[in-house]
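*Asks:* One structure is given below, represented as C-alpha cells, and several questions about it will come after.
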Protein chains: 2
Amino acid sequence: MNLTSLTSLGCQLAFSTDSYIVEPIFFPGGNIGHLSVCGTVNDIAMSGAKPLYLSASFIIEEGLPFEQLEAIVVSMAQTAKQAGVQIVTGDTKVAPRGKVDKLFINTCGIGVIPDSINWGAKQIQPDDVIIVSGTLGDHGAALLNIRENLGLDGHLVSDCDCLYPIVDALLPLNGVRALRDATRGGVTAVLHEFATVSECGFTLEESSLPINQEVQGVCELLGLDPINFANEGKLIAIVSKQDSQAALQAIKNTDIGRSAAIIGSVNSSGRIVVNNALGASRPLELPITEPMPRIC
Amino acid sequence: MNLTSLTSLGCQLAFSTDSYIVEPIFFPGGNIGHLSVCGTVNDIAMSGAKPLYLSASFIIEEGLPFEQLEAIVVSMAQTAKQAGVQIVTGDTKVAPRGKVDKLFINTCGIGVIPDSINWGAKQIQPDDVIIVSGTLGDHGAALLNIRENLGLDGHLVSDCDCLYPIVDALLPLNGVRALRDATRGGVTAVLHEFATVSECGFTLEESSLPINQEVQGVCELLGLDPINFANEGKLIAIVSKQDSQAALQAIKNTDIGRSAAIIGSVNSSGRIVVNNALGASRPLELPITEPMPRIC
C-alpha cells in the first residue's frame, strides 16, 4: 500500500479488529463471511474513515465441507467488492475436530479519516438529536428464530450490510457528533457507551423506534426488548439539533437508510430513559447477562 | 495514527494477519500471547518494515481461568514494549465451553517499509548465499516434547522472539534479496516458497546447519528432520555473495543472531537439495502432511 497516495485522503489512519464466531455460520440474510466483511468495514467507517484494506484470517475445523468454505469466501469477495475495499492479506489455520466449532473468521480493517472530521462520543452535547438509520433488532431476531427453532416464517432476516454509504452522506455536515454501529447489545449498549464518555443523558421515544412487525412479534412472544437486540447494518448518529433534518434526509437518501428516524434527544441529566407512548418513562439499563452468545 | 508522521519513515505500508491456536497455551520459552506478538511483528519485519502497531483479538473458552488470561495479556504487553510496537485496538469474544479450545488469539500488524527497500523472493539470483539467523527447530522440538510427553529434560525451549533487530541490522546492506521467518514447515517451506517465486535452485550443506544438541537428539529418536521443524525466532536471509560476510557479521552482532551461519547457496537448477557431510545429496521435498497440528 502506498502511503503517499493514502495521505491524499486524509492524515489520520483508522485501524480495527474483530473476530466472528457467529452460530450458525449461514443464517437468513447472510453468513459468517459476509458478516466479517460488513462488521469490520462498519467499525472503521464509524470514525468517519473511508475503509480501504482488510485482512482475513480463518480458523477452520477439520472436516468442514469445502463447499461451505467456498461459499463463504465467495461471499466475502462480493461484499468487499461492493464496499470498495481490498482484502490484501490472509491466514489459514486448521484445528482438529472438536477444537473449534466449524469456522471462526477474524478481519482487520484499515481506513483513512478526512482531515476535517473529528467525530467521537466526547463531541456529544445536550440538545443534540439521536437518529437511527433503520429498523432495529433484525439481526438478533433472525438469529434467535433460527437458533431457538421458534419456527417463525421467512420474514425474519438479518440486516447485515455495509454502512459506509451513510457515513459518506454525513461527511459534509458540520453538526455530526458521533456515529456507532449498534451491534452486540443493540441501541442500549451504544447509548451507555456514549453516556459514559460524554456524561450526557439520553432520552428515547419508544413510539418513534422503527421496528419490523416480525421483530416486534418475536419480542412480544418472548418478553424481550428490541432496543437490546443486535443489528449488523444499522447505526446510531448523534447530530446537532440544527443539522438534524439535513442528516435525517441524507441518511434516507441512501439505499440502506430509507427507514431512518429521529428517535430521541440528548440532555444534561446523565441518565438514559425511554418514554413510552403513554408518556411514562423508564430507565434503560444494560442487560445483566448477554441475551444470546455467538451473535456475531 | 498520524499518516504524515508515518510517511517520514517511508512510503510503503506493510500489513499482515495471523491467528494463533498453539496447544498448549503455555510452553517452555513462551505462551500464546508472547507468540502472537512475536509472530506478527516478524511477518511484518520480513518485508523490511519497521513494525509499529498491532491489533489483538481474543476468542476465549467459557471457564478459562482468569489468572491464565491475565498472565498471557501481561506477556503480550511486555513483548510489545520490548519490540517497540503499540497494541492499539482489540476485540474479545467468549465462546461456550467446548466450542473453542481454551484460547485463540489473532494479531494484525502495521509497519512502514523504508523507500530504499524492495526485498522479496523475486530478487533472488544464482550465486546468492543462504544465511540462517540461529539454531533450527527449537520451537517445534519444544512443542513436540511437551505434547507427546517425550519426557526429555528442560533444555528443549522454544526460540520465540522478535526478529526486527536483525532486520534493522541488515537494512544498510545493498545485497539483501529476501528474508523470511522459518515458522510452520521450517526451512523447507521457506526454500520451496523462494524456489517457486524466483525459479532458482537452493543447495543446503547439512554440516553447516546450526542445531542444538537436544533438538538433534529428539530428531534422531523419532526419525524426524529439524529442517522441517517450526521456528518462532529464526529467519532465512538470501544475500548476494559479495555482501554475505557483512550480512553474517551484522546478524551475529545482534543478541538473537549469535549462532547465525551460512548454510548454502543459490543456483539456477530450480531444484532444492541437501548435501550431507559425506558429499551425497538428496532432494528436499515438502512433507506430505503437517508433522504436528497447532504448532503456532
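Residue names in the C-alpha cells use chain letters A, B, ... in the order shown, residue numbers from 1 in each chain, and ligand numbers from 1 in the order shown.
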Would you tabulate, counting only C-alpha atoms, all residues of chain A that have an atom at most 7 Å from an atom of chain B, showing the closest pair of atoms and their distance in Å to one decimal, sorted by chain then ascending number, as CSV?
*Replies:*
```
residue,atom,partner,partner_atom,distance
A:Met1,CA,B:Leu13,CA,5.1
A:Asn2,CA,B:Gln12,CA,4.8
A:Leu3,CA,B:Cys11,CA,4.9
A:Thr4,CA,B:Cys11,CA,6.0
A:Thr7,CA,B:Leu3,CA,6.3
A:Cys11,CA,B:Leu3,CA,4.9
A:Gln12,CA,B:Asn2,CA,4.8
A:Leu13,CA,B:Met1,CA,5.1
A:Ser16,CA,B:Thr89,CA,5.9
A:Thr17,CA,B:Gly90,CA,6.0
A:Asp18,CA,B:Asp91,CA,5.6
A:Ser19,CA,B:Ser57,CA,6.4
A:Ser55,CA,B:Thr17,CA,6.2
A:Ser57,CA,B:Ser19,CA,6.4
A:Thr89,CA,B:Ser16,CA,5.9
A:Gly90,CA,B:Thr17,CA,6.0
A:Asp91,CA,B:Asp18,CA,5.6
A:Ala95,CA,B:Arg294,CA,6.7
A:Lys99,CA,B:Asp101,CA,5.0
A:Val100,CA,B:Val100,CA,4.5
A:Asp101,CA,B:Lys99,CA,5.0
A:Cys108,CA,B:Cys108,CA,6.9
A:Arg294,CA,B:Ala95,CA,6.7
```
*Asks:* Output C-alpha atoms of each residue in that selection to a file, as a PDB file, in the first residue's frame.
*Replies:*
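Result went into part-v3.pdb, see below:
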```pdb
ATOM      1  CA  MET A   1       0.000   0.000   0.000  1.00  0.00           C
ATOM      2  CA  ASN A   2       1.355   3.365  -0.951  1.00  0.00           C
ATOM      3  CA  LEU A   3       1.366   5.793   1.969  1.00  0.00           C
ATOM      4  CA  THR A   4       1.709   8.925  -0.116  1.00  0.00           C
ATOM      5  CA  THR A   7      -2.301  10.824   2.659  1.00  0.00           C
ATOM      6  CA  CYS A  11      -3.967  12.460   7.684  1.00  0.00           C
ATOM      7  CA  GLN A  12      -5.398  10.002  10.225  1.00  0.00           C
ATOM      8  CA  LEU A  13      -5.289   6.219   9.869  1.00  0.00           C
ATOM      9  CA  SER A  16      -9.855  -2.022  13.826  1.00  0.00           C
ATOM     10  CA  THR A  17     -10.100  -5.765  14.522  1.00  0.00           C
ATOM     11  CA  ASP A  18     -12.997  -8.162  15.074  1.00  0.00           C
ATOM     12  CA  SER A  19     -13.257 -11.938  15.410  1.00  0.00           C
ATOM     13  CA  SER A  55      -7.130  -8.764   6.344  1.00  0.00           C
ATOM     14  CA  SER A  57      -7.819 -14.936   8.938  1.00  0.00           C
ATOM     15  CA  THR A  89      -3.570 -10.308   3.430  1.00  0.00           C
ATOM     16  CA  GLY A  90      -4.762 -13.538   4.998  1.00  0.00           C
ATOM     17  CA  ASP A  91      -4.036 -16.591   7.117  1.00  0.00           C
ATOM     18  CA  ALA A  95      -7.786 -27.117  14.133  1.00  0.00           C
ATOM     19  CA  LYS A  99     -11.264 -27.918  18.976  1.00  0.00           C
ATOM     20  CA  VAL A 100     -13.124 -25.143  17.133  1.00  0.00           C
ATOM     21  CA  ASP A 101     -16.809 -25.041  16.134  1.00  0.00           C
ATOM     22  CA  CYS A 108      -8.920  -6.271  10.496  1.00  0.00           C
ATOM     23  CA  ARG A 294     -22.223 -16.049  19.453  1.00  0.00           C
TER      24      ARG A 294
END
```
*Asks:* Taking the DSSP secondary structure from the backbone, can you list the residues of range 162-284 of chain A that are strand (DSSP E or B), as a PyMOL selection string?
*Replies:* chain A and resi 176-181+201-205+235-239+261-267+272-275+281-283
*Asks:* Please save C-alpha atoms of the selected residues as a tab-separated table (two decimals), in the first residue's frame.
*Replies:*
```tsv
chain	number	residue	atom	x	y	z
A	176	VAL	CA	-22.38	15.31	13.21
A	177	ARG	CA	-21.01	14.48	16.70
A	178	ALA	CA	-20.61	10.69	16.79
A	179	LEU	CA	-21.68	7.54	14.95
A	180	ARG	CA	-21.76	3.98	16.25
A	181	ASP	CA	-23.00	0.74	14.65
A	201	GLY	CA	-28.23	11.95	29.32
A	202	PHE	CA	-30.23	10.30	26.52
A	203	THR	CA	-34.00	10.06	26.13
A	204	LEU	CA	-35.61	7.70	23.61
A	205	GLU	CA	-39.20	7.97	22.38
A	235	LEU	CA	-26.03	2.90	13.06
A	236	ILE	CA	-26.89	5.48	15.70
A	237	ALA	CA	-25.94	9.05	14.76
A	238	ILE	CA	-25.80	11.88	17.29
A	239	VAL	CA	-26.26	15.17	15.42
A	261	ALA	CA	-35.83	8.06	12.06
A	262	ILE	CA	-35.20	10.57	14.81
A	263	ILE	CA	-35.69	8.52	17.98
A	264	GLY	CA	-34.76	10.82	20.83
A	265	SER	CA	-32.60	13.59	22.19
A	266	VAL	CA	-29.63	14.37	24.41
A	267	ASN	CA	-29.76	16.26	27.71
A	272	ILE	CA	-30.75	7.04	29.89
A	273	VAL	CA	-34.53	6.75	29.78
A	274	VAL	CA	-37.26	5.56	27.41
A	275	ASN	CA	-40.60	7.40	27.19
A	281	SER	CA	-40.70	6.85	31.34
A	282	ARG	CA	-38.39	4.02	32.49
A	283	PRO	CA	-34.61	3.82	32.88
```
*Asks:* So which residues of range 154-240 of chain B fall under helix (DSSP H, G or I) by DSSP, listed as a compact mmCIF listing (two decimals) with N, CA and C atoms, in the first residue's frame?
*Replies:*
```txt
# COMPACT_ATOMS: atom_id res chain seq x y z
N TYR B 164 13.03 -8.15 14.63
CA TYR B 164 13.31 -6.86 14.00
C TYR B 164 14.75 -6.37 14.19
N PRO B 165 15.42 -6.63 15.34
CA PRO B 165 16.81 -6.17 15.47
C PRO B 165 17.71 -6.69 14.33
N ILE B 166 17.47 -7.91 13.87
CA ILE B 166 18.25 -8.44 12.75
C ILE B 166 17.92 -7.68 11.47
N VAL B 167 16.63 -7.44 11.25
CA VAL B 167 16.20 -6.70 10.06
C VAL B 167 16.85 -5.32 10.04
N ASP B 168 16.80 -4.66 11.18
CA ASP B 168 17.37 -3.32 11.31
C ASP B 168 18.87 -3.35 10.97
N ALA B 169 19.55 -4.41 11.39
CA ALA B 169 20.99 -4.53 11.12
C ALA B 169 21.28 -4.78 9.64
N LEU B 170 20.32 -5.38 8.93
CA LEU B 170 20.52 -5.70 7.51
C LEU B 170 20.09 -4.56 6.56
N GLY B 186 9.22 -24.94 8.64
CA GLY B 186 10.65 -24.72 8.80
C GLY B 186 11.36 -24.20 7.56
N VAL B 187 12.66 -24.49 7.49
CA VAL B 187 13.49 -24.03 6.38
C VAL B 187 12.98 -24.61 5.06
N THR B 188 12.49 -25.84 5.10
CA THR B 188 12.00 -26.50 3.89
C THR B 188 10.89 -25.67 3.24
N ALA B 189 9.94 -25.24 4.03
CA ALA B 189 8.81 -24.46 3.48
C ALA B 189 9.29 -23.14 2.89
N VAL B 190 10.23 -22.49 3.58
CA VAL B 190 10.74 -21.20 3.09
C VAL B 190 11.43 -21.38 1.74
N LEU B 191 12.31 -22.40 1.64
CA LEU B 191 13.05 -22.58 0.38
C LEU B 191 12.11 -22.97 -0.76
N HIS B 192 11.08 -23.75 -0.47
CA HIS B 192 10.11 -24.08 -1.53
C HIS B 192 9.37 -22.84 -2.00
N GLU B 193 9.00 -21.96 -1.08
CA GLU B 193 8.34 -20.72 -1.48
C GLU B 193 9.30 -19.88 -2.34
N PHE B 194 10.53 -19.74 -1.88
CA PHE B 194 11.52 -18.95 -2.64
C PHE B 194 11.76 -19.55 -4.03
N ALA B 195 11.81 -20.89 -4.10
CA ALA B 195 12.08 -21.55 -5.39
C ALA B 195 10.94 -21.31 -6.38
N THR B 196 9.71 -21.38 -5.87
CA THR B 196 8.54 -21.19 -6.73
C THR B 196 8.54 -19.78 -7.33
N VAL B 197 8.83 -18.79 -6.50
CA VAL B 197 8.76 -17.40 -6.95
C VAL B 197 9.97 -17.04 -7.82
N SER B 198 11.17 -17.45 -7.40
CA SER B 198 12.40 -16.99 -8.07
C SER B 198 12.82 -17.89 -9.23
N GLU B 206 24.37 -29.77 4.91
CA GLU B 206 23.82 -30.29 6.17
C GLU B 206 24.76 -30.03 7.35
N SER B 207 26.08 -30.14 7.10
CA SER B 207 27.04 -29.99 8.20
C SER B 207 27.15 -28.54 8.68
N SER B 208 26.60 -27.60 7.90
CA SER B 208 26.65 -26.19 8.32
C SER B 208 25.42 -25.76 9.13
N GLN B 213 22.04 -29.52 20.39
CA GLN B 213 22.23 -30.95 20.65
C GLN B 213 20.91 -31.63 21.05
N GLU B 214 20.11 -30.93 21.89
CA GLU B 214 18.85 -31.54 22.37
C GLU B 214 17.86 -31.72 21.23
N VAL B 215 17.83 -30.75 20.31
CA VAL B 215 16.91 -30.85 19.17
C VAL B 215 17.37 -32.00 18.26
N GLN B 216 18.68 -32.08 18.03
CA GLN B 216 19.24 -33.18 17.25
C GLN B 216 18.85 -34.52 17.88
N GLY B 217 18.90 -34.58 19.20
CA GLY B 217 18.56 -35.81 19.92
C GLY B 217 17.12 -36.23 19.67
N VAL B 218 16.18 -35.27 19.80
CA VAL B 218 14.75 -35.56 19.55
C VAL B 218 14.57 -36.08 18.13
N CYS B 219 15.25 -35.43 17.18
CA CYS B 219 15.07 -35.80 15.78
C CYS B 219 15.61 -37.20 15.51
N GLU B 220 16.75 -37.53 16.09
CA GLU B 220 17.31 -38.87 15.88
C GLU B 220 16.41 -39.93 16.51
N LEU B 221 15.89 -39.58 17.68
CA LEU B 221 14.99 -40.50 18.41
C LEU B 221 13.76 -40.86 17.58
N LEU B 222 13.21 -39.85 16.90
CA LEU B 222 11.93 -40.04 16.21
C LEU B 222 12.06 -40.13 14.69
N PRO B 226 15.15 -31.78 11.46
CA PRO B 226 14.98 -30.42 12.02
C PRO B 226 14.79 -29.34 10.95
N ILE B 227 15.16 -29.64 9.71
CA ILE B 227 14.95 -28.64 8.65
C ILE B 227 13.46 -28.38 8.43
N ASN B 228 12.62 -29.38 8.80
CA ASN B 228 11.17 -29.23 8.62
C ASN B 228 10.48 -28.65 9.85
```
*Asks:* So, counting only C-alpha atoms, which residue among B:His155, B:Lys50, B:His34, B:Arg97 is closest to Ser75 in chain B?
*Replies:*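 The answer is B:His34, which sits nearest to Ser75 in chain B.
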*Asks:* Using only C-alpha atoms, which residues sit within 10 Å of Leu144 in chain A once same-chain residues fewer than 2 positions away are excluded, as JSON, numbers by chain?
*Replies:* {"A": [138, 139, 140, 141, 142, 146, 147, 148, 149, 150, 156, 218, 229, 291, 292, 295]}
*Asks:* Keeping N, CA and C atoms for every residue in the selection just given, could you write it to a file as a short mmCIF file (atom, residue, chain, number, x, y, z; two decimals), in the first residue's frame?
*Replies:*
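Written out: out_38.cif:
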```
data_model
loop_
_atom_site.label_atom_id
_atom_site.label_comp_id
_atom_site.auth_asym_id
_atom_site.auth_seq_id
_atom_site.Cartn_x
_atom_site.Cartn_y
_atom_site.Cartn_z
N ASP A 138 -33.19 -6.56 13.73
CA ASP A 138 -33.39 -7.59 12.70
C ASP A 138 -32.37 -8.73 12.81
N HIS A 139 -31.08 -8.41 13.01
CA HIS A 139 -30.07 -9.47 13.08
C HIS A 139 -30.31 -10.36 14.29
N GLY A 140 -30.50 -9.75 15.44
CA GLY A 140 -30.71 -10.52 16.67
C GLY A 140 -31.95 -11.41 16.57
N ALA A 141 -33.03 -10.86 16.04
CA ALA A 141 -34.28 -11.63 15.95
C ALA A 141 -34.14 -12.78 14.96
N ALA A 142 -33.45 -12.54 13.84
CA ALA A 142 -33.25 -13.61 12.84
C ALA A 142 -32.44 -14.75 13.44
N ILE A 146 -33.75 -18.74 14.37
CA ILE A 146 -33.13 -19.94 13.81
C ILE A 146 -32.45 -20.77 14.90
N ARG A 147 -31.88 -20.10 15.89
CA ARG A 147 -31.14 -20.82 16.94
C ARG A 147 -32.08 -21.54 17.90
N GLU A 148 -33.19 -20.88 18.23
CA GLU A 148 -34.10 -21.44 19.22
C GLU A 148 -35.25 -22.20 18.55
N ASN A 149 -35.14 -22.41 17.23
CA ASN A 149 -36.19 -23.13 16.50
C ASN A 149 -37.58 -22.60 16.80
N LEU A 150 -37.71 -21.26 16.77
CA LEU A 150 -39.01 -20.67 17.06
C LEU A 150 -40.01 -20.97 15.94
N LEU A 156 -38.05 -12.96 8.98
CA LEU A 156 -37.02 -12.59 9.95
C LEU A 156 -35.66 -12.77 9.31
N VAL A 218 -41.66 -11.33 17.66
CA VAL A 218 -40.75 -12.19 18.41
C VAL A 218 -40.55 -11.63 19.82
N PHE A 229 -31.40 -5.72 21.12
CA PHE A 229 -31.04 -6.72 20.11
C PHE A 229 -29.91 -6.22 19.22
N PRO A 291 -27.78 -11.58 26.17
CA PRO A 291 -29.02 -12.31 25.88
C PRO A 291 -28.76 -13.59 25.08
N MET A 292 -27.77 -13.57 24.19
CA MET A 292 -27.51 -14.75 23.36
C MET A 292 -26.02 -14.76 23.00
N ILE A 295 -23.56 -14.17 18.72
CA ILE A 295 -24.46 -13.43 17.84
C ILE A 295 -23.68 -12.82 16.67
#
```
*Asks:* Between CA of Leu209 in chain A and CA of Leu173 in chain A, measure the distance and give it in Å to one decimal.
*Replies:*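 CA of Leu173 in chain A lies at a distance of 23.6 Å from CA of Leu209 in chain A.
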*Asks:* Could you check how far CA of Met76 in chain A sits from CA of Gly39 in chain A, in Å to one decimal?
*Replies:* 11.5 Å
*Asks:* Report, in Å with one decimal, the straight-line distance from CA of Pro210 in chain A to CA of Pro24 in chain A.
*Replies:*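 Separation of CA of Pro210 in chain A and CA of Pro24 in chain A: 26.5 Å.
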